[in-house]
file protein27.cif (mmCIF, C-alpha atoms)
data_input
loop_
_atom_site.label_atom_id
_atom_site.label_comp_id
_atom_site.auth_asym_id
_atom_site.auth_seq_id
_atom_site.Cartn_x
_atom_site.Cartn_y
_atom_site.Cartn_z
CA MET A 257 36.13 144.96 278.86
CA PHE A 258 35.49 142.06 276.52
CA TYR A 259 31.71 142.33 276.79
CA SER A 260 29.23 145.09 276.17
CA CYS A 261 26.10 143.11 276.91
CA ASP A 262 24.50 142.08 280.17
CA ILE A 263 26.95 139.75 281.92
CA SER A 264 24.12 137.41 282.85
CA LEU A 265 24.06 136.20 279.22
CA PHE A 266 27.28 134.33 279.99
CA PHE A 267 25.32 132.34 282.55
CA TYR A 268 21.92 131.95 280.82
CA PHE A 269 23.10 130.35 277.61
CA PRO A 270 25.27 127.59 279.13
CA MET A 271 22.55 126.90 281.71
CA ILE A 272 19.93 126.48 279.00
CA ILE A 273 22.18 124.16 276.97
CA LEU A 274 22.88 122.06 280.06
CA LEU A 275 19.17 121.99 280.94
CA VAL A 276 18.33 120.67 277.47
CA ALA A 277 20.64 117.70 278.07
CA VAL A 278 19.26 117.21 281.58
CA ALA A 279 15.63 117.48 280.40
CA ILE A 280 16.12 114.87 277.69
CA THR A 281 17.85 112.48 280.09
CA ASP A 282 15.29 113.05 282.85
CA ALA A 283 12.35 112.59 280.46
CA ARG A 284 13.77 109.27 279.24
CA SER A 285 15.03 107.75 282.48
CA TYR A 286 13.82 109.86 285.41
CA LYS A 287 17.50 110.35 286.27
CA ILE A 288 19.81 113.34 286.20
CA PRO A 289 23.37 112.03 285.81
CA ASN A 290 26.00 113.30 288.23
CA GLY A 291 28.31 113.73 285.22
CA ILE A 292 26.13 116.55 283.90
CA ILE A 293 26.12 118.17 287.34
CA LYS A 294 29.94 117.99 287.45
CA ILE A 295 30.24 119.42 283.92
CA SER A 296 27.86 122.23 284.92
CA ILE A 297 30.06 123.15 287.88
CA MET A 298 33.23 123.04 285.75
CA ILE A 299 31.69 125.30 283.09
CA TRP A 300 30.58 127.75 285.81
CA ILE A 301 34.13 127.81 287.19
CA VAL A 302 35.52 128.61 283.73
CA ILE A 303 32.98 131.40 283.21
CA VAL A 304 33.63 133.09 286.56
CA THR A 305 37.39 132.69 286.12
CA VAL A 306 37.26 134.51 282.77
CA ILE A 307 35.06 137.22 284.27
CA THR A 308 37.34 137.56 287.31
CA ILE A 309 40.45 137.89 285.13
CA ASN A 310 38.73 140.63 283.16
CA ASP A 311 37.01 142.42 286.06
CA THR A 312 38.06 141.24 289.52
CA ALA A 313 35.30 142.98 291.46
CA MET A 314 32.56 141.67 289.19
CA GLY A 315 34.06 138.18 289.22
CA ILE A 316 34.22 138.07 293.00
CA ASN A 317 30.64 139.34 293.15
CA LYS A 318 29.50 136.59 290.74
CA ILE A 319 31.33 133.96 292.81
CA LYS A 320 29.64 135.16 296.02
CA GLU A 321 26.26 135.39 294.31
CA GLY A 322 26.65 131.95 292.73
CA MET A 323 27.76 130.24 295.91
CA ALA A 324 24.94 131.86 297.89
CA GLY A 325 22.43 130.75 295.26
CA PHE A 326 23.87 127.24 295.18
CA LEU A 327 23.70 126.85 298.95
CA PHE A 328 20.36 128.61 299.52
CA VAL A 329 18.46 126.92 296.70
CA GLY A 330 20.16 123.60 297.42
CA ILE A 331 19.14 123.73 301.09
CA VAL A 332 15.56 124.81 300.30
CA MET A 333 15.17 122.00 297.78
CA LEU A 334 16.85 119.48 300.10
CA ILE A 335 14.30 120.34 302.79
CA ALA A 336 11.51 119.91 300.22
CA TYR A 337 13.05 116.59 299.15
CA LEU A 338 13.07 115.35 302.75
CA LEU A 339 9.50 116.52 303.38
CA VAL A 340 7.94 115.01 300.24
CA LYS A 341 9.74 111.70 299.99
CA ARG A 342 9.51 110.01 296.61
CA ARG A 343 7.82 113.04 295.05
CA LEU A 344 11.02 114.91 294.31
CA GLY A 345 14.20 113.28 293.09
CA ALA A 346 17.74 113.92 294.33
CA GLY A 347 18.65 114.99 290.79
CA ASP A 348 15.96 117.68 290.95
CA VAL A 349 17.60 119.01 294.12
CA LYS A 350 21.03 119.04 292.45
CA ILE A 351 19.87 120.75 289.26
CA SER A 352 17.98 123.33 291.34
CA ALA A 353 21.21 124.12 293.20
CA ILE A 354 22.96 124.48 289.83
CA LEU A 355 20.26 126.96 288.79
CA GLY A 356 21.11 128.95 291.92
CA LEU A 357 24.81 128.74 291.10
CA TYR A 358 24.38 130.10 287.57
CA LEU A 359 21.49 132.51 287.91
CA SER A 360 21.28 133.60 291.60
CA PHE A 361 18.94 132.37 294.26
CA ASP A 362 16.11 134.79 293.47
CA ALA A 363 16.10 133.86 289.76
CA ALA A 364 16.36 130.15 290.60
CA LEU A 365 13.43 130.30 293.02
CA LYS A 366 11.31 132.13 290.44
CA ILE A 367 12.25 129.52 287.83
CA ILE A 368 11.43 126.66 290.22
CA PHE A 369 8.09 128.33 291.04
CA VAL A 370 7.22 128.55 287.32
CA ALA A 371 8.37 124.94 286.83
CA MET A 372 6.14 123.71 289.66
CA ILE A 373 3.13 125.57 288.27
CA LEU A 374 3.75 124.16 284.79
CA SER A 375 4.15 120.63 286.15
CA ALA A 376 0.96 121.02 288.20
CA VAL A 377 -0.90 121.99 285.01
CA VAL A 378 0.63 119.21 282.89
CA TYR A 379 0.36 116.40 285.47
CA PRO A 380 -3.46 116.06 285.32
CA ILE A 381 -3.35 116.16 281.54
CA LEU A 382 -0.73 113.39 281.43
CA ASN A 383 -2.69 111.44 283.99
CA LYS A 384 -5.89 111.73 281.93
CA LEU A 385 -4.12 110.71 278.72
CA HIS A 386 -2.37 107.84 280.48
CA THR A 387 -5.47 106.46 282.20
CA ASP A 388 -7.46 106.58 278.95
CA ASN A 389 -4.92 104.21 277.39
CA THR A 390 -3.85 101.92 280.22
CA CYS A 391 -6.22 102.41 283.17
CA ALA A 392 -3.23 103.26 285.36
CA HIS A 393 -2.28 106.58 286.93
CA VAL A 394 0.92 108.46 286.24
CA THR A 395 2.92 108.19 289.45
CA LYS A 396 5.79 110.54 288.59
CA ILE A 397 6.85 113.06 286.00
CA PRO A 398 10.33 114.37 285.24
CA LEU A 399 10.84 117.90 286.53
CA ALA A 400 13.89 118.85 284.46
CA PRO A 401 11.81 119.66 281.35
CA PHE A 402 9.79 122.05 283.49
CA PHE A 403 12.98 123.59 284.90
CA LEU A 404 14.05 124.13 281.29
CA ALA A 405 10.71 125.74 280.41
CA GLY A 406 10.87 127.97 283.49
CA THR A 407 14.44 128.99 282.66
CA LEU A 408 13.50 129.80 279.07
CA ILE A 409 10.55 131.92 280.20
CA TYR A 410 12.63 133.75 282.78
CA SER A 411 15.63 134.19 280.46
CA ILE A 412 13.62 135.48 277.53
CA ASP A 413 11.83 137.92 279.79
CA HIS A 414 15.12 139.10 281.30
CA ILE A 415 17.07 139.31 278.04
CA VAL A 416 14.38 140.85 275.84
CA SER A 417 13.10 143.45 278.23
CA ASN A 418 15.89 143.67 280.80
CA SER A 419 13.07 144.64 283.10
CA ILE A 420 11.22 141.85 284.76
CA ILE A 421 7.78 141.71 283.19
CA LEU A 422 6.65 138.43 284.66
CA PHE A 423 8.45 138.77 287.97
#
call {"tool": "encode", "arguments": {"input": "protein27.cif", "output": "structure tokens"}}
result
Amino acid sequence: MFYSCDISLFFYFPMIILLVAVAITDARSYKIPNGIIKISIMIWIVIVTVITINDTAMGINKIKEGMAGFLFVGIVMLIAYLLVKRRLGAGDVKISAILGLYLSFDAALKIIFVAMILSAVVYPILNKLHTDNTCAHVTKIPLAPFFLAGTLIYSIDHIVSNSIILF
């Protein structure tokens, strides 16, 4: 085998790098470009191909796990998107599905939960800061930076302890 560490590291690091790009773009423009989504999928395909070549059973398991996460998280977030129109962007749905693809549906849902809690804490603060300066309320905030923060929290917990402390 070409690895002696937890195989999930091959999925955490690229996901974090991609989320940094997505978070910056989302924070600046409230958009998550489809190009980044496509690149994310291509990188995932390369990773699982290398794993499958090295260990067929593990690779097939990662493909099944990733596809299940992609579909499950994507559908859950699509339902949320349809229920809370204009409060959740289509890019947030897509990047959530990518989280499921890379990290499994249970990890992605935990990350999304942490991201929503963080955004719920930060939103009133941003709103207070914004209204003090302009007398207008913040109407939307980018979620990708919170997905990044949630992923970092979850990844650090998983990598450092390899036993879920927070979850």
call {"tool": "closest_residue", "arguments": {"input": "protein27.cif", "among": "A:Ile368, A:Val349, A:Leu338, A:Ile331", "to": "Lys287 in chain A", "atoms": "all atoms listed in the file"}}
result
A:Val349
call {"tool": "closest_atom_pairs", "arguments": {"input": "protein27.cif", "of": "range 361-391 of chain A", "to": "range 333-336 of chain A", "cutoff": "12 Å", "atoms": "only C-alpha atoms", "output": "Markdown table"}}
result
| residue | atom | partner | partner_atom | distance |
| --- | --- | --- | --- | --- |
| A:Phe361 | CA | A:Met333 | CA | 11.6 |
| A:Ala364 | CA | A:Met333 | CA | 10.9 |
| A:Leu365 | CA | A:Met333 | CA | 9.7 |
| A:Ile368 | CA | A:Met333 | CA | 9.6 |
| A:Phe369 | CA | A:Met333 | CA | 11.6 |
call {"tool": "closest_residue", "arguments": {"input": "protein27.cif", "among": "A:Ala405, A:Leu344, A:Val377, A:Met271", "to": "Tyr286 in chain A", "atoms": "all atoms listed in the file"}}
result
A:Leu344
call {"tool": "resolve_selection", "arguments": {"input": "protein27.cif", "expression": "the PyMOL selection byres ((chain A and resi 288-296) around 12)", "output": "mmCIF file with C-alpha atoms, in the coordinates of the input"}}
result
data_model
loop_
_atom_site.group_PDB
_atom_site.id
_atom_site.type_symbol
_atom_site.label_atom_id
_atom_site.label_comp_id
_atom_site.auth_asym_id
_atom_site.auth_seq_id
_atom_site.Cartn_x
_atom_site.Cartn_y
_atom_site.Cartn_z
ATOM 1 C CA PHE A 267 25.320 132.340 282.550
ATOM 2 C CA PHE A 269 23.100 130.350 277.610
ATOM 3 C CA PRO A 270 25.270 127.590 279.130
ATOM 4 C CA MET A 271 22.550 126.900 281.710
ATOM 5 C CA ILE A 272 19.930 126.480 279.000
ATOM 6 C CA ILE A 273 22.180 124.160 276.970
ATOM 7 C CA LEU A 274 22.880 122.060 280.060
ATOM 8 C CA LEU A 275 19.170 121.990 280.940
ATOM 9 C CA VAL A 276 18.330 120.670 277.470
ATOM 10 C CA ALA A 277 20.640 117.700 278.070
ATOM 11 C CA VAL A 278 19.260 117.210 281.580
ATOM 12 C CA ALA A 279 15.630 117.480 280.400
ATOM 13 C CA ILE A 280 16.120 114.870 277.690
ATOM 14 C CA THR A 281 17.850 112.480 280.090
ATOM 15 C CA ASP A 282 15.290 113.050 282.850
ATOM 16 C CA ALA A 283 12.350 112.590 280.460
ATOM 17 C CA ARG A 284 13.770 109.270 279.240
ATOM 18 C CA SER A 285 15.030 107.750 282.480
ATOM 19 C CA TYR A 286 13.820 109.860 285.410
ATOM 20 C CA LYS A 287 17.500 110.350 286.270
ATOM 21 C CA ILE A 297 30.060 123.150 287.880
ATOM 22 C CA MET A 298 33.230 123.040 285.750
ATOM 23 C CA ILE A 299 31.690 125.300 283.090
ATOM 24 C CA TRP A 300 30.580 127.750 285.810
ATOM 25 C CA ILE A 301 34.130 127.810 287.190
ATOM 26 C CA VAL A 302 35.520 128.610 283.730
ATOM 27 C CA ILE A 303 32.980 131.400 283.210
ATOM 28 C CA GLY A 345 14.200 113.280 293.090
ATOM 29 C CA ALA A 346 17.740 113.920 294.330
ATOM 30 C CA GLY A 347 18.650 114.990 290.790
ATOM 31 C CA ASP A 348 15.960 117.680 290.950
ATOM 32 C CA VAL A 349 17.600 119.010 294.120
ATOM 33 C CA LYS A 350 21.030 119.040 292.450
ATOM 34 C CA ILE A 351 19.870 120.750 289.260
ATOM 35 C CA SER A 352 17.980 123.330 291.340
ATOM 36 C CA ALA A 353 21.210 124.120 293.200
ATOM 37 C CA ILE A 354 22.960 124.480 289.830
ATOM 38 C CA LEU A 355 20.260 126.960 288.790
ATOM 39 C CA GLY A 356 21.110 128.950 291.920
ATOM 40 C CA LEU A 357 24.810 128.740 291.100
ATOM 41 C CA TYR A 358 24.380 130.100 287.570
ATOM 42 C CA PRO A 398 10.330 114.370 285.240
ATOM 43 C CA LEU A 399 10.840 117.900 286.530
ATOM 44 C CA ALA A 400 13.890 118.850 284.460
ATOM 45 C CA PRO A 401 11.810 119.660 281.350
#
call {"tool": "closest_residue", "arguments": {"input": "protein27.cif", "among": "A:Lys366, A:Ile397, A:Leu265, A:Ser360", "to": "Leu327 in chain A", "atoms": "only C-alpha atoms"}}
result
A:Ser360
call {"tool": "atom_distance", "arguments": {"input": "protein27.cif", "atom1": "CA of Thr305 in chain A", "atom2": "CA of Phe266 in chain A"}}
result
11.9 Å
